[in-house]
file upload.txt (compact mmCIF, C-alpha atoms and all ligand atoms)
# COMPACT_ATOMS: atom_id res chain seq x y z
CA MET A 539 0.00 0.00 0.00
CA THR A 540 1.25 3.53 -0.88
CA PRO A 541 -0.94 6.12 0.87
CA VAL A 542 -0.77 9.74 -0.32
CA LEU A 543 -2.72 12.53 1.35
CA VAL A 544 -4.07 15.36 -0.83
CA ILE A 545 -4.99 18.74 0.66
CA ASN A 546 -7.04 21.44 -1.06
CA SER A 547 -7.06 24.36 1.33
CA GLY A 548 -9.29 27.43 1.14
CA SER A 549 -9.40 30.40 3.50
CA SER A 550 -12.11 29.02 5.80
CA SER A 551 -12.16 25.35 4.80
CA PHE A 552 -10.06 22.53 3.47
CA LYS A 553 -10.77 19.26 1.69
CA TYR A 554 -8.61 16.21 2.10
CA GLN A 555 -8.37 12.81 0.53
CA LEU A 556 -6.23 9.81 1.45
CA LEU A 557 -5.53 7.62 -1.56
CA ASP A 558 -3.80 4.28 -1.92
CA MET A 559 -1.69 4.84 -5.02
CA ASP A 560 -1.06 1.12 -5.56
CA THR A 561 -4.71 0.82 -6.58
CA GLU A 562 -5.44 4.55 -7.11
CA SER A 563 -8.44 4.18 -4.81
CA THR A 564 -9.71 6.54 -2.14
CA LEU A 565 -9.40 5.33 1.45
CA ALA A 566 -10.94 8.35 3.17
CA SER A 567 -11.95 11.88 2.34
CA GLY A 568 -13.27 14.82 4.26
CA LEU A 569 -14.11 18.44 4.51
CA VAL A 570 -13.36 20.78 7.38
CA GLU A 571 -15.30 24.01 7.01
CA ARG A 572 -16.22 27.17 8.84
CA ILE A 573 -12.68 27.45 10.13
CA GLY A 574 -12.51 30.62 12.19
CA ALA A 575 -16.29 30.69 12.71
CA SER A 576 -15.68 30.08 16.41
CA THR A 577 -14.02 33.47 16.63
CA GLY A 578 -16.75 35.21 14.63
CA SER A 579 -20.52 35.26 14.56
CA GLY A 580 -23.04 32.51 13.79
CA THR A 581 -23.14 29.26 15.73
CA GLY A 582 -19.45 29.62 16.54
CA LEU A 583 -18.80 26.08 15.47
CA GLY A 584 -16.85 24.65 12.59
CA ILE A 585 -18.05 21.57 10.77
CA ALA A 586 -15.94 18.51 10.01
CA ARG A 587 -17.16 15.73 7.72
CA HIS A 588 -15.11 12.56 7.43
CA THR A 589 -15.96 9.72 5.05
CA VAL A 590 -14.32 6.32 5.16
CA HIS A 591 -14.48 4.73 1.72
CA ALA A 592 -15.11 1.16 0.70
CA ALA A 593 -11.47 0.60 -0.26
CA ALA A 594 -10.42 1.24 3.35
CA LEU A 595 -13.16 -0.94 4.77
CA ALA A 596 -12.38 -3.94 2.56
CA ALA A 597 -10.25 -6.66 4.12
CA PRO A 598 -7.19 -7.29 1.87
CA ASP A 599 -8.37 -10.67 0.56
CA GLY A 600 -11.85 -10.73 2.03
CA PRO A 601 -15.29 -10.21 0.49
CA ALA A 602 -16.47 -6.81 -0.72
CA PRO A 603 -17.63 -4.62 2.18
CA THR A 604 -21.35 -4.23 2.71
CA VAL A 605 -20.90 -0.60 3.80
CA VAL A 606 -19.84 1.48 0.81
CA ASP A 607 -19.15 4.82 2.46
CA ALA A 608 -19.44 5.71 6.12
CA THR A 609 -19.70 9.42 6.82
CA ARG A 610 -19.60 11.14 10.19
CA THR A 611 -20.17 14.84 10.71
CA ARG A 612 -19.10 16.76 13.79
CA GLU A 613 -19.63 20.33 14.91
CA LEU A 614 -16.92 21.79 17.10
CA PRO A 615 -14.79 24.91 17.54
CA ILE A 616 -12.15 25.15 14.79
CA PRO A 617 -10.36 28.48 15.28
CA ASP A 618 -7.65 28.05 12.61
CA HIS A 619 -6.15 25.67 10.07
CA THR A 620 -3.87 24.03 12.63
CA ALA A 621 -6.92 23.18 14.76
CA GLY A 622 -8.63 21.96 11.58
CA PHE A 623 -5.80 19.52 10.91
CA GLN A 624 -6.05 18.23 14.48
CA VAL A 625 -9.76 17.60 13.88
CA MET A 626 -8.83 15.66 10.74
CA LEU A 627 -6.25 13.59 12.65
CA ASP A 628 -8.85 12.87 15.37
CA ALA A 629 -11.34 11.73 12.71
CA PHE A 630 -8.78 9.31 11.26
CA ALA A 631 -8.03 8.02 14.78
CA SER A 632 -11.67 7.48 15.76
CA ASP A 633 -13.28 6.52 12.42
CA GLY A 634 -10.33 5.12 10.51
CA PRO A 635 -8.47 4.20 8.53
CA SER A 636 -5.65 4.30 11.07
CA LEU A 637 -2.85 6.64 10.03
CA GLU A 638 -0.39 4.30 11.73
CA ASP A 639 -1.32 1.50 9.34
CA HIS A 640 -1.87 3.90 6.41
CA ALA A 641 0.79 6.53 7.05
CA PRO A 642 1.03 8.86 4.03
CA VAL A 643 4.37 8.63 2.22
CA ALA A 644 3.82 12.16 0.89
CA VAL A 645 1.32 15.03 1.13
CA GLY A 646 0.19 16.83 -2.05
CA HIS A 647 -1.16 20.37 -1.94
CA ARG A 648 -3.26 22.15 -4.52
CA VAL A 649 -1.80 25.62 -5.03
CA VAL A 650 -3.73 27.94 -7.32
CA HIS A 651 -1.02 30.27 -8.61
CA GLY A 652 2.49 29.28 -9.59
CA GLY A 653 3.05 32.40 -11.71
CA ALA A 654 5.63 31.97 -14.47
CA ARG A 655 7.92 30.32 -11.90
CA PHE A 656 6.44 26.88 -11.28
CA PHE A 657 5.74 24.63 -14.23
CA GLU A 658 5.86 21.27 -12.49
CA PRO A 659 5.01 19.70 -9.11
CA THR A 660 7.52 20.97 -6.57
CA VAL A 661 8.70 19.71 -3.19
CA ILE A 662 7.84 22.45 -0.69
CA THR A 663 10.99 23.87 0.89
CA PRO A 664 11.03 27.07 2.97
CA LEU A 665 12.08 28.91 -0.22
CA VAL A 666 9.10 27.49 -2.14
CA GLU A 667 6.83 28.68 0.68
CA ILE A 668 8.27 32.18 0.31
CA ASN A 669 7.63 32.02 -3.43
CA ILE A 670 4.01 30.87 -2.97
CA ASP A 671 3.53 33.71 -0.50
CA GLU A 672 5.08 36.21 -2.88
CA LEU A 673 2.74 35.04 -5.66
CA SER A 674 -0.21 36.04 -3.43
CA VAL A 675 -0.01 39.40 -5.23
CA LEU A 676 -1.41 37.59 -8.28
CA ALA A 677 -3.93 35.42 -6.35
CA PRO A 678 -4.82 37.28 -3.14
CA LEU A 679 -7.80 35.06 -2.33
CA HIS A 680 -6.16 31.73 -3.01
CA ASN A 681 -2.42 31.53 -2.39
CA PRO A 682 -2.54 32.71 1.27
CA ALA A 683 -5.24 30.10 1.96
CA ASN A 684 -3.21 27.39 0.20
CA LEU A 685 -0.19 28.39 2.28
CA ALA A 686 -2.14 28.25 5.55
CA GLY A 687 -2.96 24.63 4.68
CA ILE A 688 0.66 23.85 3.87
CA VAL A 689 1.92 25.28 7.16
CA ALA A 690 -0.68 23.37 9.19
CA ALA A 691 -0.15 20.14 7.25
CA LYS A 692 3.62 20.31 7.75
CA GLN A 693 3.01 20.45 11.50
CA ALA A 694 0.65 17.48 11.34
CA PHE A 695 2.91 15.42 9.03
CA PRO A 696 6.46 16.60 9.73
CA GLY A 697 8.42 13.61 8.44
CA VAL A 698 7.23 13.30 4.84
CA PRO A 699 7.71 15.32 1.65
CA HIS A 700 5.04 17.94 0.96
CA VAL A 701 4.54 18.72 -2.72
CA ALA A 702 2.84 21.72 -4.34
CA VAL A 703 0.81 21.03 -7.48
CA PHE A 704 -0.07 24.28 -9.24
CA ASP A 705 -3.31 25.01 -11.15
CA THR A 706 -1.33 27.15 -13.56
CA ALA A 707 1.51 24.68 -14.24
CA PHE A 708 -0.07 22.80 -17.15
CA HIS A 709 -0.46 26.08 -19.04
CA GLN A 710 3.20 27.03 -18.82
CA THR A 711 3.50 25.59 -22.36
CA LEU A 712 1.29 28.35 -23.81
CA PRO A 713 3.17 30.08 -26.62
CA PRO A 714 3.90 33.81 -26.15
CA ALA A 715 1.26 34.64 -28.77
CA ALA A 716 -1.37 33.03 -26.55
CA TYR A 717 -0.22 34.35 -23.18
CA THR A 718 0.66 37.95 -24.11
CA TYR A 719 -1.91 40.73 -23.71
CA ALA A 720 -1.57 43.48 -26.29
CA ILE A 721 -0.78 46.24 -23.81
CA ASP A 722 2.36 48.34 -23.17
CA ARG A 723 4.97 45.65 -22.75
CA GLU A 724 6.89 47.46 -20.00
CA VAL A 725 3.79 47.93 -17.86
CA ALA A 726 2.88 44.28 -18.40
CA ALA A 727 6.38 43.03 -17.57
CA SER A 728 6.84 45.11 -14.44
CA HIS A 729 3.53 43.90 -12.98
CA ARG A 730 3.64 40.38 -14.46
CA VAL A 731 0.40 40.94 -16.35
CA ARG A 732 -0.01 38.05 -18.79
CA ARG A 733 -2.29 35.10 -19.26
CA TYR A 734 -1.55 32.20 -16.89
CA GLY A 735 -4.55 29.87 -17.25
CA PHE A 736 -6.12 27.78 -14.46
CA HIS A 737 -7.80 24.39 -13.87
CA GLY A 738 -4.57 22.95 -15.27
CA THR A 739 -4.64 19.84 -13.09
CA SER A 740 -8.07 18.94 -14.44
CA HIS A 741 -7.23 19.69 -18.08
CA LYS A 742 -4.11 17.53 -17.81
CA PHE A 743 -5.95 14.65 -16.13
CA VAL A 744 -8.83 14.70 -18.64
CA SER A 745 -6.65 14.98 -21.76
CA GLU A 746 -4.45 12.10 -20.61
CA ALA A 747 -7.43 9.94 -19.66
CA ALA A 748 -9.04 10.71 -23.04
CA ALA A 749 -5.90 9.61 -24.92
CA VAL A 750 -5.84 6.32 -22.98
CA PHE A 751 -9.55 5.82 -23.66
CA VAL A 752 -9.28 6.33 -27.43
CA GLY A 753 -6.12 4.21 -27.46
CA ARG A 754 -3.92 6.71 -29.25
CA PRO A 755 -0.64 8.37 -28.21
CA LEU A 756 -1.18 11.68 -26.43
CA ASP A 757 1.43 13.39 -28.56
CA GLU A 758 -0.55 12.69 -31.75
CA LEU A 759 -3.83 14.18 -30.57
CA ARG A 760 -5.40 17.59 -31.00
CA GLN A 761 -7.80 17.95 -28.07
CA ILE A 762 -10.27 20.47 -26.72
CA VAL A 763 -11.26 20.04 -23.05
CA PHE A 764 -14.27 21.84 -21.62
CA HIS A 765 -14.07 22.00 -17.81
CA LEU A 766 -17.56 23.31 -16.97
CA GLY A 767 -18.21 23.57 -13.27
CA ASN A 768 -19.10 26.55 -11.14
CA GLY A 769 -15.81 27.91 -12.49
CA ALA A 770 -15.36 27.05 -16.17
CA SER A 771 -12.56 27.03 -18.69
CA VAL A 772 -11.70 25.44 -22.02
CA THR A 773 -8.25 24.46 -23.21
CA ALA A 774 -6.76 23.64 -26.61
CA ILE A 775 -4.21 20.86 -26.19
CA ASP A 776 -1.81 19.90 -28.98
CA GLY A 777 0.11 16.70 -28.42
CA GLY A 778 -0.46 16.86 -24.66
CA ARG A 779 0.65 20.51 -24.39
CA SER A 780 -1.71 23.34 -23.50
CA VAL A 781 -1.53 25.84 -26.39
CA ASP A 782 -4.48 28.07 -25.53
CA THR A 783 -6.88 28.39 -22.61
CA SER A 784 -9.80 30.63 -21.79
CA MET A 785 -8.83 31.80 -18.30
CA GLY A 786 -6.13 34.44 -18.26
CA PHE A 787 -4.39 36.65 -15.72
CA THR A 788 -7.02 35.45 -13.25
CA PRO A 789 -9.81 32.85 -13.38
CA LEU A 790 -12.21 35.64 -14.40
CA GLU A 791 -11.49 35.64 -18.13
CA GLY A 792 -13.21 33.47 -20.72
CA LEU A 793 -16.42 31.50 -20.42
CA VAL A 794 -19.62 32.54 -18.64
CA MET A 795 -19.46 30.86 -15.19
CA GLY A 796 -21.67 30.38 -12.13
CA THR A 797 -20.99 33.83 -10.70
CA ARG A 798 -18.23 35.20 -12.98
CA SER A 799 -18.79 37.21 -16.15
CA GLY A 800 -15.96 35.77 -18.23
CA ASP A 801 -14.96 38.00 -21.15
CA ILE A 802 -16.18 41.60 -21.05
CA ASP A 803 -14.92 44.79 -22.65
CA PRO A 804 -12.72 46.40 -19.95
CA ALA A 805 -14.06 49.79 -21.04
CA ALA A 806 -17.42 48.80 -19.53
CA LEU A 807 -15.63 48.94 -16.17
CA PHE A 808 -14.19 52.40 -16.87
CA HIS A 809 -17.73 53.45 -17.70
CA LEU A 810 -19.17 51.98 -14.47
CA ALA A 811 -16.40 53.61 -12.42
CA ARG A 812 -16.92 57.01 -14.03
CA ARG A 813 -20.68 57.05 -14.45
CA ALA A 814 -21.97 54.80 -11.63
CA GLY A 815 -19.21 55.76 -9.17
CA MET A 816 -18.34 52.13 -8.53
CA SER A 817 -15.06 51.47 -6.73
CA ILE A 818 -12.46 48.90 -7.80
CA ASP A 819 -13.65 46.59 -5.00
CA GLN A 820 -17.28 46.94 -6.09
CA LEU A 821 -16.36 46.14 -9.69
CA ASP A 822 -14.32 43.16 -8.53
CA ASP A 823 -17.31 41.93 -6.54
CA LEU A 824 -19.69 42.56 -9.46
CA LEU A 825 -17.65 40.58 -12.00
CA ASN A 826 -16.47 37.76 -9.73
CA LYS A 827 -19.47 37.21 -7.45
CA ARG A 828 -22.60 38.75 -8.96
CA SER A 829 -22.29 37.99 -12.66
CA GLY A 830 -22.41 34.91 -14.88
CA LEU A 831 -25.52 32.73 -14.54
CA LEU A 832 -26.26 34.31 -11.16
CA GLY A 833 -26.23 37.83 -12.58
CA LEU A 834 -28.36 36.92 -15.58
CA ALA A 835 -30.78 34.37 -14.14
CA GLY A 836 -30.63 34.75 -10.34
CA SER A 837 -28.91 31.42 -9.64
CA ASN A 838 -25.36 30.22 -10.18
CA ASP A 839 -26.59 26.63 -10.53
CA LEU A 840 -27.29 25.53 -14.08
CA ARG A 841 -29.99 23.14 -12.81
CA ASP A 842 -32.00 26.15 -11.61
CA VAL A 843 -31.49 27.87 -14.95
CA LEU A 844 -32.76 24.80 -16.83
CA ALA A 845 -35.77 24.58 -14.49
CA GLY A 846 -36.42 28.28 -15.13
CA ILE A 847 -36.44 27.71 -18.88
CA ASP A 848 -39.01 24.93 -18.39
CA ARG A 849 -41.20 27.41 -16.48
CA GLY A 850 -40.91 29.93 -19.32
CA ASP A 851 -38.58 32.32 -17.46
CA GLU A 852 -37.10 34.59 -20.14
CA HIS A 853 -34.08 35.60 -18.00
CA ALA A 854 -33.15 31.95 -17.61
CA ARG A 855 -33.52 31.46 -21.38
CA LEU A 856 -31.22 34.38 -22.14
CA ALA A 857 -28.67 33.24 -19.53
CA PHE A 858 -28.52 29.82 -21.17
CA ASP A 859 -28.21 31.33 -24.64
CA VAL A 860 -25.36 33.63 -23.58
CA TYR A 861 -23.63 30.69 -21.86
CA ILE A 862 -23.85 28.56 -25.02
CA HIS A 863 -22.94 31.41 -27.37
CA ARG A 864 -19.63 31.86 -25.52
CA LEU A 865 -18.92 28.13 -25.48
CA ARG A 866 -19.43 27.94 -29.25
CA ALA A 867 -17.18 30.95 -29.80
CA TYR A 868 -14.34 29.24 -27.92
CA ALA A 869 -14.99 25.89 -29.60
CA GLY A 870 -14.64 27.60 -32.99
CA ALA A 871 -11.55 29.54 -31.94
CA TYR A 872 -9.78 26.44 -30.67
CA LEU A 873 -10.69 24.37 -33.72
CA ALA A 874 -9.02 27.14 -35.71
CA GLN A 875 -5.95 27.28 -33.42
CA LEU A 876 -5.47 23.52 -33.60
CA GLY A 877 -6.44 23.11 -37.27
CA GLY A 878 -9.26 20.75 -36.26
CA ALA A 879 -9.62 18.34 -33.36
CA ASP A 880 -9.35 14.60 -32.79
CA VAL A 881 -11.00 14.53 -29.36
CA ILE A 882 -13.34 16.92 -27.54
CA SER A 883 -14.03 16.19 -23.85
CA PHE A 884 -16.49 17.55 -21.31
CA THR A 885 -15.86 17.44 -17.59
CA ALA A 886 -16.87 18.85 -14.14
CA GLY A 887 -20.38 19.43 -12.72
CA VAL A 888 -22.02 20.85 -15.85
CA GLY A 889 -19.83 19.08 -18.40
CA GLU A 890 -20.47 15.67 -16.84
CA ASN A 891 -24.17 16.11 -16.06
CA ALA A 892 -25.81 18.43 -18.58
CA PRO A 893 -26.39 16.72 -21.97
CA LEU A 894 -28.22 19.83 -23.18
CA VAL A 895 -25.12 21.97 -22.77
CA ARG A 896 -22.90 19.44 -24.55
CA ALA A 897 -25.33 19.10 -27.45
CA ALA A 898 -25.91 22.85 -27.80
CA THR A 899 -22.17 23.63 -27.67
CA LEU A 900 -21.33 21.25 -30.51
CA GLN A 901 -24.56 21.46 -32.50
CA THR A 902 -23.15 23.74 -35.21
CA LEU A 903 -19.82 21.92 -35.58
CA GLY A 904 -20.91 19.38 -38.18
CA PHE A 905 -18.68 21.22 -40.68
CA ALA A 906 -15.67 20.27 -38.51
CA GLY A 907 -16.62 16.59 -38.43
CA VAL A 908 -18.36 16.65 -35.02
CA GLU A 909 -21.44 14.45 -34.78
CA ILE A 910 -23.15 13.83 -31.44
CA ASP A 911 -25.24 10.70 -30.88
CA PRO A 912 -28.34 11.97 -29.00
CA GLU A 913 -28.93 8.65 -27.21
CA ARG A 914 -25.34 8.26 -26.05
CA ASN A 915 -25.34 11.91 -24.97
CA ALA A 916 -28.51 11.46 -22.91
CA GLU A 917 -27.30 8.31 -21.11
CA ARG A 918 -26.16 8.72 -17.53
CA GLY A 919 -23.02 6.94 -16.47
CA ARG A 920 -20.25 7.15 -13.95
CA GLY A 921 -17.11 6.51 -15.93
CA ILE A 922 -15.55 7.90 -19.08
CA ARG A 923 -17.89 7.51 -22.06
CA ILE A 924 -18.24 8.34 -25.71
CA ILE A 925 -21.12 10.53 -26.92
CA SER A 926 -20.25 10.98 -30.61
CA THR A 927 -21.55 8.75 -33.39
CA ASP A 928 -19.38 6.00 -34.83
CA SER A 929 -19.04 8.01 -38.04
CA SER A 930 -18.03 11.27 -36.31
CA SER A 931 -14.45 12.17 -37.28
CA VAL A 932 -14.02 13.90 -33.91
CA THR A 933 -14.43 11.65 -30.86
CA VAL A 934 -16.51 13.41 -28.21
CA LEU A 935 -16.20 12.17 -24.64
CA VAL A 936 -17.53 12.77 -21.15
CA VAL A 937 -14.57 12.34 -18.80
CA PRO A 938 -15.20 12.62 -15.03
CA THR A 939 -12.37 14.73 -13.68
CA ASP A 940 -10.39 13.67 -10.62
CA GLU A 941 -8.13 16.48 -9.53
CA GLU A 942 -7.24 14.77 -6.24
CA LEU A 943 -6.00 11.67 -8.05
CA GLU A 944 -3.98 13.81 -10.45
CA ILE A 945 -2.44 15.74 -7.53
CA ALA A 946 -1.63 12.43 -5.80
CA ARG A 947 0.01 11.06 -8.98
CA GLN A 948 2.12 14.16 -9.45
CA THR A 949 2.99 14.25 -5.75
CA LEU A 950 4.21 10.70 -5.80
CA SER A 951 6.17 11.25 -9.00
CA VAL A 952 8.33 13.94 -7.37
CA ALA A 953 8.34 12.49 -3.85
CA ARG A 954 9.91 9.32 -5.25
CA THR A 955 12.71 11.05 -7.13
P1 LIG B 1 -18.38 21.80 -9.96
O1 LIG B 1 -17.83 23.18 -9.76
O2 LIG B 1 -17.59 20.97 -10.93
O3 LIG B 1 -18.67 21.08 -8.66
O4 LIG B 1 -19.81 21.99 -10.66
C1 LIG B 1 -20.91 22.51 -9.93
C2 LIG B 1 -22.00 22.93 -10.89
O5 LIG B 1 -22.37 21.83 -11.73
C3 LIG B 1 -23.29 23.30 -10.20
O6 LIG B 1 -23.29 24.66 -9.81
C4 LIG B 1 -24.32 23.06 -11.28
O7 LIG B 1 -24.47 24.25 -12.04
C5 LIG B 1 -23.70 22.01 -12.15
N1 LIG B 1 -24.43 20.74 -12.11
C6 LIG B 1 -24.27 19.73 -11.24
N2 LIG B 1 -25.12 18.72 -11.53
C7 LIG B 1 -25.84 19.10 -12.61
C8 LIG B 1 -26.88 18.51 -13.39
N3 LIG B 1 -27.36 17.31 -13.12
N4 LIG B 1 -27.37 19.22 -14.45
C9 LIG B 1 -26.88 20.45 -14.72
N5 LIG B 1 -25.90 21.04 -14.03
C10 LIG B 1 -25.39 20.40 -12.99
call {"tool": "encode", "arguments": {"input": "upload.txt", "output": "structure tokens", "more": "lines below"}}
Ligand code: AMP
result
Amino acid sequence: MTPVLVINSGSSSFKYQLLDMDTESTLASGLVERIGASTGSGTGLGIARHTVHAAALAAPDGPAPTVVDATRTRELPIPDHTAGFQVMLDAFASDGPSLEDHAPVAVGHRVVHGGARFFEPTVITPLVEINIDELSVLAPLHNPANLAGIVAAKQAFPGVPHVAVFDTAFHQTLPPAAYTYAIDREVAASHRVRRYGFHGTSHKFVSEAAAVFVGRPLDELRQIVFHLGNGASVTAIDGGRSVDTSMGFTPLEGLVMGTRSGDIDPAALFHLARRAGMSIDQLDDLLNKRSGLLGLAGSNDLRDVLAGIDRGDEHARLAFDVYIHRLRAYAGAYLAQLGGADVISFTAGVGENAPLVRAATLQTLGFAGVEIDPERNAERGRGIRIISTDSSSVTVLVVPTDEELEIARQTLSVART
């Protein structure tokens, strides 16, 4: 058994997953949230949810376990990340699997921004911590929270390598033409304003899984991956290398998302600042938290938007149309950048679960050899599956993403060297 622990730390919560990398199965996972709530308002209690998975409950050579997942939720004071990690350790001790029998050989950390500095998984030394902290200028909401998790995890697991896996790393192969904004180059260089791209761990996982599924070498394939969740991005991948992606300097650029606008003329912001007197913080809040599906239809959840359309809600209809219009624009752009595509994949909450979105996005791409099979597209399934017709020259797939597994793979690859 080769256990690896994966941590995805936010400012007031963190998710964890313990995987056995011999079988690539999950032993336990959990969520510690409302960290710091005990020092603020509300109930004053944090919430910890710990799930022991079937793989951990199965006896090595015994029959399959009757309990598939066992989840326990606790409410207790969790003032900071260090306390949160103690809660996680307590959950392992009381609910299993035992961390003595399943001691992690390495801990992998999701880090959102690696700037132009980190292009591969990196063992976290004190210098790397300083670099992650310094990159907080580019990701003020994310990198400090990621770092808080790293510091607390290092205290909880002092004897093993900790590895940072960056959301931006996969996109470090973008050519200058794709990552450069057409602004004064000295201003851009002195403030590191360029396109970085995000969701890289997912785009890498999905494109590699797709190549295995179609049984062709990754380096021969032109792929387009749509990661459509609450955050959404699309990437053009040529021979396994990201060559264009819709998110840019921050995860705000590109597609219409749950609460984010995606692309907008920046002059609209000058206008709102001058004419509506909105401050930079108000504009930031507007575009990141009050736009996208939420801004247009009143909910960030596509299921609500689809239900609204069924009720005849015209705002929901327009929100859906804008969402699809943008997806088609990027699909067309990336077909042009790649000179066609061999594989198109959909992943994440919307991509995996909304056949209507997949069909509408690709509906007009018959000219590029894309043909969706409506029955295959409508079928529900858990694993990777094909939704194009047998005669389609582009293979269209639904590929469930697994960022934790990808982080664990990358963590192990550097921890072992
Ligand atoms: P994620 O960020 O990948 O967890 O995706 C979350 C989003 O997926 C939700 O906000 C929903 O908009 C969307 N979603 C989840 N399940 C469905 C579904 N069955 N149909 C449509 N959208 C869904």
call {"tool": "closest_atom_pairs", "arguments": {"input": "upload.txt", "of": "chain A", "to": "ligand LIG 1 (chain B)", "cutoff": "12 Å", "atoms": "all atoms listed in the file", "output": "tab-separated table"}}
result
residue	atom	partner	partner_atom	distance
A:His737	CA	B:LIG1	O2	10.8
A:Ser740	CA	B:LIG1	O2	10.3
A:Phe764	CA	B:LIG1	O2	11.2
A:His765	CA	B:LIG1	O2	7.8
A:Leu766	CA	B:LIG1	O2	6.5
A:Gly767	CA	B:LIG1	O4	3.4
A:Asn768	CA	B:LIG1	O1	3.9
A:Gly769	CA	B:LIG1	O1	5.8
A:Ala770	CA	B:LIG1	O1	7.9
A:Ser771	CA	B:LIG1	O2	11.1
A:Val794	CA	B:LIG1	O7	11.7
A:Met795	CA	B:LIG1	O7	8.9
A:Gly796	CA	B:LIG1	O6	6.4
A:Thr797	CA	B:LIG1	O6	9.5
A:Gly830	CA	B:LIG1	O7	11.2
A:Leu831	CA	B:LIG1	O7	8.9
A:Leu832	CA	B:LIG1	O6	10.2
A:Ser837	CA	B:LIG1	O7	8.8
A:Asn838	CA	B:LIG1	O6	5.9
A:Asp839	CA	B:LIG1	O7	3.5
A:Leu840	CA	B:LIG1	O7	3.7
A:Arg841	CA	B:LIG1	C9	4.5
A:Asp842	CA	B:LIG1	O7	7.8
A:Val843	CA	B:LIG1	O7	8.4
A:Leu844	CA	B:LIG1	C9	7.6
A:Ala845	CA	B:LIG1	C9	9.8
A:Phe858	CA	B:LIG1	O7	11.4
A:Tyr861	CA	B:LIG1	O7	11.8
A:Phe884	CA	B:LIG1	O2	11.0
A:Thr885	CA	B:LIG1	O2	7.7
A:Ala886	CA	B:LIG1	O2	3.9
A:Gly887	CA	B:LIG1	O5	3.3
A:Val888	CA	B:LIG1	C5	4.2
A:Gly889	CA	B:LIG1	O5	7.6
A:Glu890	CA	B:LIG1	C7	7.6
A:Asn891	CA	B:LIG1	C8	4.5
A:Ala892	CA	B:LIG1	N4	4.5
A:Pro893	CA	B:LIG1	N4	8.0
A:Leu894	CA	B:LIG1	C9	8.6
A:Val895	CA	B:LIG1	C9	8.4
A:Arg896	CA	B:LIG1	C9	10.7
A:Ala916	CA	B:LIG1	N3	11.5
A:Arg918	CA	B:LIG1	N3	9.7
A:Gly919	CA	B:LIG1	N3	11.7
A:Pro938	CA	B:LIG1	O2	9.6
A:Thr939	CA	B:LIG1	O2	8.6
A:Asp940	CA	B:LIG1	O2	10.3
A:Glu941	CA	B:LIG1	O2	10.6
call {"tool": "residues_around", "arguments": {"input": "upload.txt", "residues": "Glu909 of chain A", "least_positions_apart": "4", "cutoff": "9 Å", "atoms": "all atoms listed in the file", "output": "ChimeraX atom specification"}}
result
/A:900-901,903-904,925-934
call {"tool": "atom_distance", "arguments": {"input": "upload.txt", "atom1": "atom CA of Gly697 of chain A", "atom2": "atom CA of Asp560 of chain A"}}
result
21.0 Å
call {"tool": "closest_residue", "arguments": {"input": "upload.txt", "among": "A:Pro699, A:Gly653, A:Pro789, A:Gly800", "to": "Val731 of chain A", "atoms": "all atoms listed in the file"}}
result
A:Gly653
call {"tool": "closest_residue", "arguments": {"input": "upload.txt", "among": "A:Arg920, A:His741, A:Arg947, A:Arg779", "to": "Gln710 of chain A", "atoms": "all atoms listed in the file"}}
result
A:Arg779
call {"tool": "residues_around", "arguments": {"input": "upload.txt", "residues": "Ala608 of chain A", "least_positions_apart": "6", "cutoff": "9 Å", "atoms": "all atoms listed in the file", "output": "MDAnalysis selection string"}}
result
chainID A and resid 588:592 633
call {"tool": "closest_residue", "arguments": {"input": "upload.txt", "among": "A:Ala814, A:Leu865, A:Ala854, A:Val725", "to": "Gly836 of chain A", "atoms": "all atoms listed in the file"}}
result
A:Ala854
call {"tool": "residues_near_point", "arguments": {"input": "upload.txt", "point": "(-2.2, 20.8, 7.2)", "cutoff": "12 Å", "atoms": "all atoms listed in the file", "output": "PyMOL selection string"}}
result
chain A and resi 543-548+551-554+570+618-627+645-648+683-696+700
call {"tool": "write_last_selection", "arguments": {"input": "upload.txt", "atoms": "C-alpha atoms", "output": "short mmCIF file (atom, residue, chain, number, x, y, z; two decimals), in the coordinates of the input"}}
result
data_model
loop_
_atom_site.label_atom_id
_atom_site.label_comp_id
_atom_site.auth_asym_id
_atom_site.auth_seq_id
_atom_site.Cartn_x
_atom_site.Cartn_y
_atom_site.Cartn_z
CA LEU A 543 -2.72 12.53 1.35
CA VAL A 544 -4.07 15.36 -0.83
CA ILE A 545 -4.99 18.74 0.66
CA ASN A 546 -7.04 21.44 -1.06
CA SER A 547 -7.06 24.36 1.33
CA GLY A 548 -9.29 27.43 1.14
CA SER A 551 -12.16 25.35 4.80
CA PHE A 552 -10.06 22.53 3.47
CA LYS A 553 -10.77 19.26 1.69
CA TYR A 554 -8.61 16.21 2.10
CA VAL A 570 -13.36 20.78 7.38
CA ASP A 618 -7.65 28.05 12.61
CA HIS A 619 -6.15 25.67 10.07
CA THR A 620 -3.87 24.03 12.63
CA ALA A 621 -6.92 23.18 14.76
CA GLY A 622 -8.63 21.96 11.58
CA PHE A 623 -5.80 19.52 10.91
CA GLN A 624 -6.05 18.23 14.48
CA VAL A 625 -9.76 17.60 13.88
CA MET A 626 -8.83 15.66 10.74
CA LEU A 627 -6.25 13.59 12.65
CA VAL A 645 1.32 15.03 1.13
CA GLY A 646 0.19 16.83 -2.05
CA HIS A 647 -1.16 20.37 -1.94
CA ARG A 648 -3.26 22.15 -4.52
CA ALA A 683 -5.24 30.10 1.96
CA ASN A 684 -3.21 27.39 0.20
CA LEU A 685 -0.19 28.39 2.28
CA ALA A 686 -2.14 28.25 5.55
CA GLY A 687 -2.96 24.63 4.68
CA ILE A 688 0.66 23.85 3.87
CA VAL A 689 1.92 25.28 7.16
CA ALA A 690 -0.68 23.37 9.19
CA ALA A 691 -0.15 20.14 7.25
CA LYS A 692 3.62 20.31 7.75
CA GLN A 693 3.01 20.45 11.50
CA ALA A 694 0.65 17.48 11.34
CA PHE A 695 2.91 15.42 9.03
CA PRO A 696 6.46 16.60 9.73
CA HIS A 700 5.04 17.94 0.96
#
